[in-house]
>>> print(open('run.txt').read())   # compact mmCIF, C-alpha atoms
# COMPACT_ATOMS: atom_id res chain seq x y z
CA MET A 234 0.00 0.00 0.00
CA SER A 235 1.15 3.56 -0.68
CA VAL A 236 3.11 5.51 1.90
CA ILE A 237 1.87 8.97 2.83
CA LEU A 238 3.85 11.52 4.82
CA ILE A 239 1.81 13.99 6.89
CA ILE A 240 3.60 17.25 7.81
CA GLU A 241 1.42 19.17 10.26
CA ASP A 242 2.32 21.02 13.44
CA ASP A 243 -1.16 20.74 15.01
CA ARG A 244 -1.00 17.42 16.85
CA GLU A 245 -4.76 16.81 17.05
CA LEU A 246 -5.20 17.49 13.35
CA ARG A 247 -2.21 15.32 12.49
CA GLU A 248 -3.70 12.48 14.56
CA MET A 249 -7.06 12.86 12.81
CA LEU A 250 -5.46 12.73 9.36
CA LYS A 251 -3.40 9.73 10.41
CA THR A 252 -6.54 7.91 11.61
CA VAL A 253 -8.39 8.66 8.36
CA LEU A 254 -5.51 7.35 6.26
CA LEU A 255 -4.87 4.24 8.38
CA ARG A 256 -8.57 3.33 8.06
CA LYS A 257 -8.07 3.25 4.30
CA ASP A 258 -4.99 1.01 4.73
CA TYR A 259 -2.40 3.60 3.74
CA ASN A 260 0.97 3.46 5.46
CA VAL A 261 1.53 6.71 7.31
CA LEU A 262 4.65 8.65 8.25
CA GLU A 263 4.36 11.84 10.25
CA ALA A 264 6.40 14.94 10.98
CA GLU A 265 5.44 17.81 13.25
CA ASN A 266 7.24 20.48 11.23
CA GLY A 267 9.00 21.04 7.94
CA LYS A 268 12.50 20.71 9.38
CA GLU A 269 11.75 17.28 10.83
CA ALA A 270 10.11 16.21 7.57
CA LEU A 271 13.16 17.14 5.51
CA ILE A 272 15.53 15.30 7.87
CA HIS A 273 13.52 12.06 7.72
CA PHE A 274 12.14 12.24 4.16
CA LYS A 275 13.07 9.14 2.16
CA PRO A 276 12.41 9.65 -1.56
CA GLY A 277 12.40 5.92 -2.26
CA VAL A 278 9.71 5.18 0.32
CA THR A 279 7.20 8.02 0.24
CA ASP A 280 4.53 8.18 -2.48
CA LEU A 281 2.57 11.25 -1.40
CA VAL A 282 3.05 14.16 0.99
CA ILE A 283 0.36 16.15 2.76
CA THR A 284 1.92 19.33 4.08
CA ASP A 285 0.63 22.24 6.08
CA LEU A 286 1.95 25.61 4.87
CA ILE A 287 2.22 27.73 7.99
CA MET A 288 4.53 25.96 10.40
CA PRO A 289 7.41 26.78 12.71
CA GLU A 290 11.02 25.88 11.85
CA GLU A 291 10.65 25.47 8.07
CA ASP A 292 7.52 26.71 6.30
CA GLY A 293 5.52 24.50 3.98
CA LEU A 294 6.43 26.34 0.77
CA LYS A 295 10.14 25.71 1.31
CA VAL A 296 9.42 22.10 2.25
CA LEU A 297 7.40 21.70 -0.94
CA ILE A 298 10.24 22.99 -3.11
CA LYS A 299 12.88 20.86 -1.37
CA ILE A 300 10.83 17.65 -1.45
CA ARG A 301 10.02 18.21 -5.13
CA GLU A 302 13.76 18.62 -5.78
CA MET A 303 14.48 15.33 -3.99
CA LYS A 304 11.75 13.38 -5.83
CA LYS A 305 10.32 14.97 -8.96
CA SER A 306 7.46 12.48 -9.35
CA ILE A 307 6.12 12.70 -5.79
CA LYS A 308 2.54 13.85 -5.32
CA ILE A 309 2.12 16.77 -2.94
CA ILE A 310 -1.06 18.09 -1.35
CA ALA A 311 -0.81 21.46 0.43
CA ILE A 312 -3.27 22.34 3.19
CA SER A 313 -3.66 25.73 4.87
CA GLY A 314 -5.80 27.40 7.46
CA GLY A 315 -4.89 30.95 6.56
CA GLY A 316 -2.58 33.28 8.40
CA LYS A 317 -1.57 36.77 7.51
CA ALA A 318 -3.00 37.05 4.03
CA GLY A 319 -5.84 34.50 4.04
CA PRO A 320 -5.93 30.90 2.89
CA GLY A 321 -6.35 31.51 -0.84
CA SER A 322 -3.05 33.31 -1.14
CA TYR A 323 -0.74 30.73 0.44
CA LEU A 324 -2.49 27.95 -1.41
CA ASP A 325 -2.06 29.87 -4.67
CA LEU A 326 1.66 30.08 -3.97
CA ALA A 327 1.81 26.38 -3.14
CA LYS A 328 0.08 25.55 -6.42
CA ALA A 329 2.49 27.79 -8.29
CA LEU A 330 5.40 26.04 -6.64
CA GLY A 331 4.24 22.62 -7.77
CA ALA A 332 1.64 21.27 -5.31
CA ASP A 333 -0.55 18.75 -7.14
CA ALA A 334 -3.61 19.75 -5.13
CA VAL A 335 -4.51 22.27 -2.45
CA PHE A 336 -7.12 22.24 0.31
CA SER A 337 -8.24 25.14 2.46
CA LYS A 338 -8.95 24.19 6.09
CA PRO A 339 -11.47 23.13 7.18
CA PHE A 340 -11.88 20.66 4.33
CA SER A 341 -13.79 17.42 3.87
CA VAL A 342 -11.64 14.35 4.57
CA ASN A 343 -13.72 12.45 2.01
CA ASP A 344 -12.72 15.01 -0.65
CA LEU A 345 -9.11 14.64 0.50
CA LEU A 346 -9.26 10.82 0.27
CA LEU A 347 -10.73 11.03 -3.22
CA LYS A 348 -7.95 13.37 -4.34
CA ILE A 349 -5.27 11.11 -2.79
CA GLU A 350 -6.72 8.10 -4.59
CA ASN A 351 -6.71 9.94 -7.93
CA LEU A 352 -3.19 11.30 -7.51
CA LEU A 353 -1.77 7.90 -6.56
CA LYS A 354 -3.47 6.33 -9.57
CA LEU A 355 -1.76 8.95 -11.73
CA GLU A 356 1.60 8.29 -10.05
CA HIS A 357 1.36 4.56 -10.67
CA SER A 358 0.34 5.10 -14.31
CA ASP A 359 3.33 7.47 -14.90
CA MET B 157 -1.91 65.51 -14.63
CA ARG B 158 -4.84 64.06 -12.75
CA ARG B 159 -4.49 63.70 -9.00
CA ILE B 160 -6.55 62.41 -6.15
CA LYS B 161 -6.77 63.54 -2.54
CA ASN B 162 -4.34 62.28 0.12
CA ILE B 163 -1.66 61.50 -2.38
CA SER B 164 1.66 63.15 -1.60
CA ASP B 165 3.92 64.61 -4.27
CA ASP B 166 5.83 61.38 -4.67
CA GLY B 167 2.53 59.70 -5.45
CA TYR B 168 2.18 57.63 -2.30
CA PRO B 169 -0.52 57.83 0.32
CA GLY B 170 0.28 57.72 4.03
CA ASN B 171 3.71 56.99 5.43
CA LYS B 172 6.69 57.12 3.15
CA PRO B 173 8.60 53.90 2.53
CA GLU B 174 11.48 53.34 4.91
CA LYS B 175 13.35 50.46 3.34
CA LYS B 176 13.64 48.32 0.27
CA THR B 177 13.40 44.58 0.38
CA SER B 178 12.14 41.55 -1.42
CA TYR B 179 10.37 38.38 -0.30
CA SER B 180 12.76 35.96 1.33
CA GLY B 181 10.32 33.28 2.50
CA GLY B 182 9.29 32.32 6.03
CA MET B 183 5.74 32.47 7.28
CA LYS B 184 4.40 32.80 10.78
CA PRO B 185 0.76 33.37 11.64
CA ASP B 186 0.03 36.70 13.29
CA PRO B 187 -0.62 36.41 17.04
CA PHE B 188 -3.97 38.17 16.84
CA THR B 189 -6.94 37.77 14.50
CA GLY B 190 -5.18 35.93 11.67
CA GLY B 191 -3.41 33.59 14.05
CA ILE B 192 -6.61 32.81 15.94
CA ALA B 193 -8.46 32.12 12.68
CA HIS B 194 -5.62 29.85 11.56
CA ASP B 195 -5.76 27.83 14.80
CA LEU B 196 -9.56 27.68 14.68
CA ASN B 197 -9.43 26.33 11.14
CA ASN B 198 -7.13 23.54 12.37
CA ILE B 199 -9.59 22.67 15.14
CA LEU B 200 -12.54 22.80 12.75
CA THR B 201 -10.78 20.43 10.35
CA THR B 202 -10.22 17.97 13.20
CA ILE B 203 -13.90 18.18 14.26
CA SER B 204 -15.30 17.75 10.76
CA GLY B 205 -12.82 14.97 9.99
CA TYR B 206 -13.94 12.86 12.96
CA ALA B 207 -17.61 13.65 12.18
CA GLU B 208 -17.14 12.37 8.64
CA MET B 209 -15.51 9.19 9.98
CA MET B 210 -18.45 8.71 12.39
CA ALA B 211 -20.91 9.16 9.54
CA GLU B 212 -19.11 6.45 7.60
CA ASP B 213 -19.18 4.03 10.54
CA LEU B 214 -22.84 4.51 11.48
CA PRO B 215 -25.49 2.28 9.89
CA GLU B 216 -27.81 4.05 7.44
CA ASN B 217 -30.78 3.93 9.86
CA SER B 218 -28.85 5.26 12.86
CA PRO B 219 -30.44 8.30 14.54
CA PHE B 220 -26.92 9.67 14.97
CA LYS B 221 -26.39 9.90 11.22
CA ASP B 222 -28.23 13.20 11.17
CA THR B 223 -26.13 14.41 14.11
CA THR B 224 -22.91 13.99 12.15
CA ILE B 225 -24.38 15.97 9.26
CA ARG B 226 -25.27 18.75 11.71
CA ILE B 227 -21.70 18.80 13.03
CA VAL B 228 -20.29 19.14 9.52
CA SER B 229 -22.73 21.94 8.63
CA ALA B 230 -21.90 23.76 11.90
CA VAL B 231 -18.24 23.56 10.91
CA ALA B 232 -19.12 25.13 7.56
CA ARG B 233 -20.87 27.99 9.39
CA ALA B 234 -17.88 28.46 11.66
CA ARG B 235 -15.64 28.58 8.63
CA SER B 236 -17.56 31.53 7.26
CA LEU B 237 -16.62 33.33 10.52
CA THR B 238 -12.93 32.46 10.26
CA ASP B 239 -13.01 33.66 6.65
CA LEU B 240 -14.40 36.97 7.91
CA MET B 241 -11.69 37.17 10.57
CA LEU B 242 -8.98 36.59 7.98
CA ALA B 243 -10.48 39.16 5.61
CA SER B 244 -10.81 41.70 8.42
CA GLU B 245 -7.26 41.09 9.60
CA LYS B 246 -6.01 41.55 6.06
CA GLN B 247 -7.79 44.91 5.71
CA ASN B 248 -6.36 46.19 8.97
CA LYS B 249 -2.81 45.18 8.21
CA GLU B 250 -0.58 47.47 6.19
CA ASP B 251 3.01 46.39 5.58
CA LYS B 252 3.77 48.36 2.46
CA ILE B 253 7.36 49.34 1.81
CA ALA B 254 9.44 50.41 -1.18
CA VAL B 255 10.11 47.20 -3.02
CA ASN B 256 12.14 46.58 -6.16
CA VAL B 257 9.79 45.02 -8.73
CA ASN B 258 12.69 43.44 -10.61
CA ASP B 259 13.98 41.54 -7.55
CA VAL B 260 10.57 40.09 -6.71
CA LEU B 261 9.92 39.17 -10.34
CA LYS B 262 13.27 37.39 -10.61
CA GLU B 263 12.58 35.53 -7.35
CA SER B 264 9.16 34.45 -8.62
CA ILE B 265 10.62 33.07 -11.82
CA ASP B 266 13.51 31.37 -10.00
CA PHE B 267 11.04 29.67 -7.64
CA ILE B 268 8.89 28.37 -10.47
CA ARG B 269 11.60 27.48 -13.00
CA PRO B 270 12.56 24.08 -11.41
CA SER B 271 8.96 22.84 -11.69
CA LEU B 272 8.50 23.90 -15.33
CA PRO B 273 7.80 21.12 -17.83
CA PRO B 274 10.61 20.86 -20.42
CA GLU B 275 8.33 21.96 -23.27
CA ILE B 276 7.80 25.39 -21.65
CA THR B 277 10.38 28.16 -21.89
CA VAL B 278 10.47 31.38 -19.91
CA ASN B 279 12.22 34.35 -21.50
CA CYS B 280 12.95 37.38 -19.35
CA ASP B 281 13.61 40.97 -20.25
CA ILE B 282 14.17 42.47 -16.82
CA PRO B 283 16.35 45.57 -16.52
CA LEU B 284 19.21 45.68 -14.03
CA THR B 285 18.15 49.08 -12.71
CA GLU B 286 15.89 49.26 -9.66
CA VAL B 287 12.23 50.04 -10.20
CA SER B 288 10.51 50.57 -6.87
CA VAL B 289 6.83 50.45 -6.04
CA PHE B 290 5.09 50.90 -2.70
CA ALA B 291 3.78 47.45 -1.82
CA GLU B 292 3.93 44.42 0.43
CA PRO B 293 6.59 42.13 -1.08
CA LEU B 294 4.47 39.04 -0.45
CA GLN B 295 1.52 40.64 -2.25
CA LEU B 296 3.68 41.41 -5.25
CA LEU B 297 5.02 37.87 -5.21
CA ARG B 298 1.45 36.53 -5.24
CA VAL B 299 0.58 38.64 -8.27
CA PHE B 300 3.60 37.38 -10.22
CA PHE B 301 3.19 33.75 -9.10
CA ASN B 302 -0.46 33.67 -10.05
CA LEU B 303 0.13 35.13 -13.50
CA ILE B 304 3.13 32.89 -14.23
CA THR B 305 1.21 29.83 -13.00
CA ASN B 306 -1.79 30.63 -15.18
CA ALA B 307 0.49 31.10 -18.19
CA VAL B 308 2.22 27.78 -17.50
CA HIS B 309 -1.12 25.96 -17.14
CA SER B 310 -2.31 27.38 -20.44
CA MET B 311 0.77 25.92 -22.16
CA GLU B 312 0.87 22.53 -20.40
CA GLY B 313 0.75 19.67 -22.87
CA ARG B 314 1.16 21.89 -25.90
CA GLY B 315 4.42 23.65 -24.95
CA GLY B 316 5.20 27.28 -25.53
CA ILE B 317 7.01 30.38 -24.46
CA LEU B 318 6.28 32.78 -21.63
CA SER B 319 7.92 36.16 -22.17
CA VAL B 320 8.19 38.30 -19.06
CA GLY B 321 9.20 41.92 -19.47
CA VAL B 322 9.55 45.05 -17.39
CA ARG B 323 9.67 48.57 -18.74
CA VAL B 324 9.16 52.05 -17.37
CA LEU B 325 6.51 54.25 -18.92
CA GLY B 326 7.14 57.96 -19.24
CA ARG B 327 4.59 60.70 -18.56
CA ASN B 328 3.11 60.83 -22.07
CA GLU B 329 2.85 57.08 -22.47
CA VAL B 330 1.25 56.74 -19.04
CA LYS B 331 -1.56 59.08 -20.07
CA SER B 332 -2.30 57.09 -23.21
CA VAL B 333 -2.09 53.63 -21.62
CA ILE B 334 -3.50 53.86 -18.08
CA LYS B 335 -7.26 54.18 -17.96
CA LYS B 336 -7.51 54.74 -14.20
CA TYR B 337 -6.90 57.88 -12.20
CA LEU B 338 -3.14 58.57 -12.28
CA VAL B 339 -1.34 58.68 -8.94
CA SER B 340 2.19 59.03 -10.30
CA GLU B 341 3.94 60.51 -13.29
CA ASN B 342 5.75 57.26 -13.97
CA TYR B 343 4.46 53.72 -14.03
CA VAL B 344 6.17 50.38 -14.46
CA ALA B 345 4.64 47.90 -16.91
CA ILE B 346 5.19 44.22 -16.09
CA SER B 347 4.14 42.06 -19.00
CA PHE B 348 3.37 38.31 -19.05
CA ASN B 349 2.98 37.16 -22.64
CA ASP B 350 2.30 33.44 -23.22
CA THR B 351 1.72 31.35 -26.32
CA GLY B 352 -0.81 29.13 -24.54
CA SER B 353 -4.40 28.16 -25.23
CA GLY B 354 -5.77 31.68 -24.78
CA ILE B 355 -9.06 32.64 -23.16
CA ASP B 356 -12.39 31.78 -24.70
CA THR B 357 -14.26 34.95 -25.68
CA SER B 358 -17.29 33.88 -23.64
CA LEU B 359 -15.14 33.62 -20.48
CA LYS B 360 -13.22 36.90 -20.76
CA GLY B 361 -15.70 38.77 -18.58
CA LYS B 362 -15.51 36.18 -15.81
CA ILE B 363 -11.80 35.53 -15.33
CA PHE B 364 -11.40 38.08 -12.53
CA GLU B 365 -14.44 36.81 -10.59
CA PRO B 366 -13.60 35.13 -7.24
CA TYR B 367 -13.84 31.31 -7.32
CA PHE B 368 -14.20 31.25 -11.11
CA THR B 369 -12.04 28.42 -12.41
CA THR B 370 -11.90 26.02 -15.33
CA LYS B 371 -9.74 23.65 -13.27
CA GLU B 372 -10.97 20.47 -11.57
CA GLN B 373 -11.79 20.31 -7.82
CA GLY B 374 -8.69 20.57 -5.64
CA MET B 375 -6.48 21.77 -8.50
CA GLY B 376 -6.93 25.46 -7.82
CA THR B 377 -8.87 27.79 -5.59
CA GLY B 378 -10.31 29.85 -8.44
CA LEU B 379 -8.94 32.89 -6.63
CA GLY B 380 -5.80 33.42 -8.71
CA LEU B 381 -6.84 36.23 -11.02
CA SER B 382 -9.30 37.81 -8.59
CA VAL B 383 -6.42 38.03 -6.10
CA VAL B 384 -4.25 39.62 -8.80
CA MET B 385 -6.93 42.20 -9.53
CA GLU B 386 -7.56 42.90 -5.84
CA ILE B 387 -3.88 43.39 -5.02
CA VAL B 388 -3.15 45.55 -8.07
CA ASN B 389 -6.15 47.71 -7.20
CA THR B 390 -4.86 48.22 -3.66
CA LEU B 391 -1.54 49.34 -5.16
CA ASN B 392 -3.32 51.96 -7.29
CA GLY B 393 -2.36 49.99 -10.36
CA GLU B 394 -4.16 48.54 -13.32
CA VAL B 395 -4.46 45.11 -14.96
CA GLN B 396 -4.97 44.85 -18.71
CA VAL B 397 -5.49 41.61 -20.58
CA SER B 398 -5.66 40.69 -24.23
CA SER B 399 -6.07 37.17 -25.54
CA ASP B 400 -6.55 35.23 -28.75
CA LYS B 401 -8.05 31.77 -28.40
CA ASN B 402 -5.38 29.16 -29.33
CA TYR B 403 -2.66 31.80 -29.75
CA GLY B 404 -2.01 33.06 -26.24
CA THR B 405 -2.65 35.72 -23.64
CA VAL B 406 -0.94 38.91 -22.50
CA PHE B 407 -1.41 40.25 -18.99
CA ASP B 408 0.01 43.73 -18.42
CA ILE B 409 0.31 44.97 -14.85
CA TYR B 410 0.79 48.72 -14.44
CA LEU B 411 2.01 49.99 -11.08
CA PRO B 412 2.89 53.53 -10.00
CA ILE B 413 6.62 53.92 -9.47
CA TYR B 414 7.80 55.16 -6.10
CA LYS B 415 11.20 56.25 -7.30
CA GLU B 416 13.38 55.14 -10.15
CA PHE B 417 17.09 54.67 -9.52
CA ASN B 418 19.41 55.02 -12.46
>>> encode(input="run.txt", output="structure tokens")
Amino acid sequence: MSVILIIEDDRELREMLKTVLLRKDYNVLEAENGKEALIHFKPGVTDLVITDLIMPEEDGLKVLIKIREMKKSIKIIAISGGGKAGPGSYLDLAKALGADAVFSKPFSVNDLLLKIENLLKLEHSD
Amino acid sequence: MRRIKNISDDGYPGNKPEKKTSYSGGMKPDPFTGGIAHDLNNILTTISGYAEMMAEDLPENSPFKDTTIRIVSAVARARSLTDLMLASEKQNKEDKIAVNVNDVLKESIDFIRPSLPPEITVNCDIPLTEVSVFAEPLQLLRVFFNLITNAVHSMEGRGGILSVGVRVLGRNEVKSVIKKYLVSENYVAISFNDTGSGIDTSLKGKIFEPYFTTKEQGMGTGLGLSVVMEIVNTLNGEVQVSSDKNYGTVFDIYLPIYKEFN
């Protein structure tokens, strides 16, 4: 089964996403910030990354760029709950920087699961 | 020369710029309204996520099925409040400074270049001289990112060239080009000219509407061009677009120059 890395500094939200994904039999890796994610990211293992954008240590946009550099084919979903300039803006930037999909918090986990399924199908057909 | 009230002789309202900079990354939520809205959105996502899982686990005839739907709809109502908080926080916040358009434009292109498909080329004609406008660097970055991204999307699969150019308009040219009220004698024109699929004539009137998108769910917020328009308006600038279906699109952004260094 595919391996999904969750990068999210909100522990409760990270736990919820982990539960949702484990219920669908995905293998889950987790990191509580971008710095930790970059240290432990293994390009050969991870199929898809879900990353928050506004985080301490290393923000999600930088993480997105660095992970994309390490594995060009990886699927990346950016999630954001806003911040200084509102959710649309950071998500726009994430999309411009190569996120395959973006979700503004709060989002439907069913929509997220559907998008993950579609992206992983694309990855395996590449 | 047309002028409006509260605009000083250098063409800039309010406080004069103190420093020049460009976006260098790093994001932290504000400790007040924006930060609270951000944290609330995290909590709301957790609540709605567990509610959706409960709904999936409950049998169809369970009386609690309706309860989970109510939780999810309450979350949607709460989200409209956090959206308001974010919008309000944005209006109250003013971080404008003198920023070199050329630096931000180069940074935008450098960020995007590694993710460009091989069939798409970006040509730049950006002068070495500084051209400063009075803006938030992140806002300017968003404008450039959104326009470059749209251009790239319009060329995906078919290939093409995006030509990005910057030039300074003199007093006479400004009068003939800018349709809005002039707030400066000199403007900078930032042009994004792509050879992509172009915009269908029937959609031209809608492209700047919020949430209008031709992309599939999850592939874009539909806010890209409306954000561009909103930001350029706040900078006393103007957006002009011309497009030929199947031949490409040109977006010209005109911004009042704070001061030109030669």
>>> residues_around(input="run.txt", residues="segment 311-318 of chain B", least_positions_apart="2", cutoff="8 Å", atoms="all atoms listed in the file", output="ChimeraX atom specification")
/B:273,275-279,307-309,320,348-353
>>> interface_residues(input="run.txt", of="chain A", to="chain B", cutoff="8 Å", atoms="all atoms listed in the file", output="PyMOL selection string")
chain A and resi 243+245-246+249-250+253+287-289+291-292+295+302+314-319+321-322+324-326+328-331+333-336+338-343+348
>>> closest_residue(input="run.txt", among="B:Arg323, B:Arg226, B:Lys401, B:Lys221", to="Asp356 of chain B", atoms="all atoms listed in the file")
B:Lys401
>>> residues_near_point(input="run.txt", point="(2.3, -2.2, -0.1)", cutoff="10 Å", atoms="all atoms listed in the file", output="PyMOL selection string")
chain A and resi 234-236+258-260
>>> axis_aligned_box(input="run.txt", around="segment 246-256 of chain A", padding_each_side="3 Å", output="JSON")
{"center_x": -5.4, "center_y": 10.4, "center_z": 10.4, "size_x": 12.4, "size_y": 20.2, "size_z": 14.3}
>>> atom_distance(input="run.txt", atom1="atom CA of Ile413 of chain B", atom2="atom CA of Val289 of chain B")
4.9 Å
>>> residues_around(input="run.txt", residues="Leu262 of chain A", least_positions_apart="6", cutoff="7 Å", atoms="only C-alpha atoms", output="PyMOL selection string")
chain A and resi 237-239
>>> atom_distance(input="run.txt", atom1="atom CA of Asp400 of chain B", atom2="atom CA of Ile363 of chain B")
14.4 Å
>>> residues_near_point(input="run.txt", point="(2.9, 59.8, -21.7)", cutoff="12 Å", atoms="all atoms listed in the file", output="mmCIF file with C-alpha atoms, keeping the file's coordinate frame")
data_model
loop_
_atom_site.group_PDB
_atom_site.id
_atom_site.type_symbol
_atom_site.label_atom_id
_atom_site.label_comp_id
_atom_site.auth_asym_id
_atom_site.auth_seq_id
_atom_site.Cartn_x
_atom_site.Cartn_y
_atom_site.Cartn_z
ATOM 1 C CA MET B 157 -1.910 65.510 -14.630
ATOM 2 C CA VAL B 324 9.160 52.050 -17.370
ATOM 3 C CA LEU B 325 6.510 54.250 -18.920
ATOM 4 C CA GLY B 326 7.140 57.960 -19.240
ATOM 5 C CA ARG B 327 4.590 60.700 -18.560
ATOM 6 C CA ASN B 328 3.110 60.830 -22.070
ATOM 7 C CA GLU B 329 2.850 57.080 -22.470
ATOM 8 C CA VAL B 330 1.250 56.740 -19.040
ATOM 9 C CA LYS B 331 -1.560 59.080 -20.070
ATOM 10 C CA SER B 332 -2.300 57.090 -23.210
ATOM 11 C CA VAL B 333 -2.090 53.630 -21.620
ATOM 12 C CA ILE B 334 -3.500 53.860 -18.080
ATOM 13 C CA LEU B 338 -3.140 58.570 -12.280
ATOM 14 C CA SER B 340 2.190 59.030 -10.300
ATOM 15 C CA GLU B 341 3.940 60.510 -13.290
ATOM 16 C CA ASN B 342 5.750 57.260 -13.970
ATOM 17 C CA TYR B 343 4.460 53.720 -14.030
#
>>> residues_around(input="run.txt", residues="segment 388-394 of chain B", least_positions_apart="6", cutoff="6 Å", atoms="all atoms listed in the file", output="PyMOL selection string")
chain B and resi 409-411
>>> decode(input="run.txt", residues="segment 216-222 of chain B", atoms="all heavy atoms", output="CSV table (one decimal), in the first residue's frame")
chain,number,residue,atom,x,y,z
B,216,GLU,N,-27.0,3.1,8.1
B,216,GLU,CA,-27.8,4.1,7.4
B,216,GLU,C,-29.0,4.5,8.3
B,216,GLU,O,-29.4,5.7,8.2
B,216,GLU,CB,-28.3,3.4,6.1
B,216,GLU,CG,-27.3,3.6,5.0
B,216,GLU,CD,-26.8,5.0,4.8
B,216,GLU,OE1,-27.7,6.0,4.7
B,216,GLU,OE2,-25.6,5.2,4.6
B,217,ASN,N,-29.6,3.6,9.1
B,217,ASN,CA,-30.8,3.9,9.9
B,217,ASN,C,-30.5,4.5,11.2
B,217,ASN,O,-31.4,4.7,12.1
B,217,ASN,CB,-31.7,2.7,10.0
B,217,ASN,CG,-31.0,1.5,10.6
B,217,ASN,OD1,-29.8,1.6,10.9
B,217,ASN,ND2,-31.7,0.4,10.8
B,218,SER,N,-29.2,4.7,11.5
B,218,SER,CA,-28.9,5.3,12.9
B,218,SER,C,-29.4,6.7,13.1
B,218,SER,O,-29.2,7.5,12.2
B,218,SER,CB,-27.3,5.3,13.0
B,218,SER,OG,-27.0,6.0,14.2
B,219,PRO,N,-30.0,6.9,14.3
B,219,PRO,CA,-30.4,8.3,14.5
B,219,PRO,C,-29.3,9.3,14.6
B,219,PRO,O,-29.5,10.5,14.6
B,219,PRO,CB,-31.2,8.1,15.9
B,219,PRO,CG,-30.6,6.9,16.5
B,219,PRO,CD,-30.2,6.0,15.4
B,220,PHE,N,-28.1,8.8,14.8
B,220,PHE,CA,-26.9,9.7,15.0
B,220,PHE,C,-26.4,10.1,13.6
B,220,PHE,O,-25.5,11.0,13.6
B,220,PHE,CB,-25.8,9.0,15.8
B,220,PHE,CG,-26.2,8.7,17.2
B,220,PHE,CD1,-26.4,7.4,17.6
B,220,PHE,CD2,-26.4,9.8,18.1
B,220,PHE,CE1,-26.8,7.2,18.9
B,220,PHE,CE2,-26.8,9.5,19.4
B,220,PHE,CZ,-27.0,8.2,19.8
B,221,LYS,N,-26.9,9.5,12.6
B,221,LYS,CA,-26.4,9.9,11.2
B,221,LYS,C,-26.6,11.4,11.0
B,221,LYS,O,-25.8,12.1,10.5
B,221,LYS,CB,-27.1,9.1,10.2
B,221,LYS,CG,-26.5,9.0,8.8
B,221,LYS,CD,-25.5,7.9,8.8
B,221,LYS,CE,-24.9,7.7,7.4
B,221,LYS,NZ,-23.9,6.7,7.3
B,222,ASP,N,-27.9,11.8,11.4
B,222,ASP,CA,-28.2,13.2,11.2
B,222,ASP,C,-27.4,14.1,12.0
B,222,ASP,O,-27.0,15.2,11.6
B,222,ASP,CB,-29.7,13.4,11.5
B,222,ASP,CG,-30.2,14.8,11.3
B,222,ASP,OD1,-30.0,15.3,10.1
B,222,ASP,OD2,-30.7,15.4,12.2
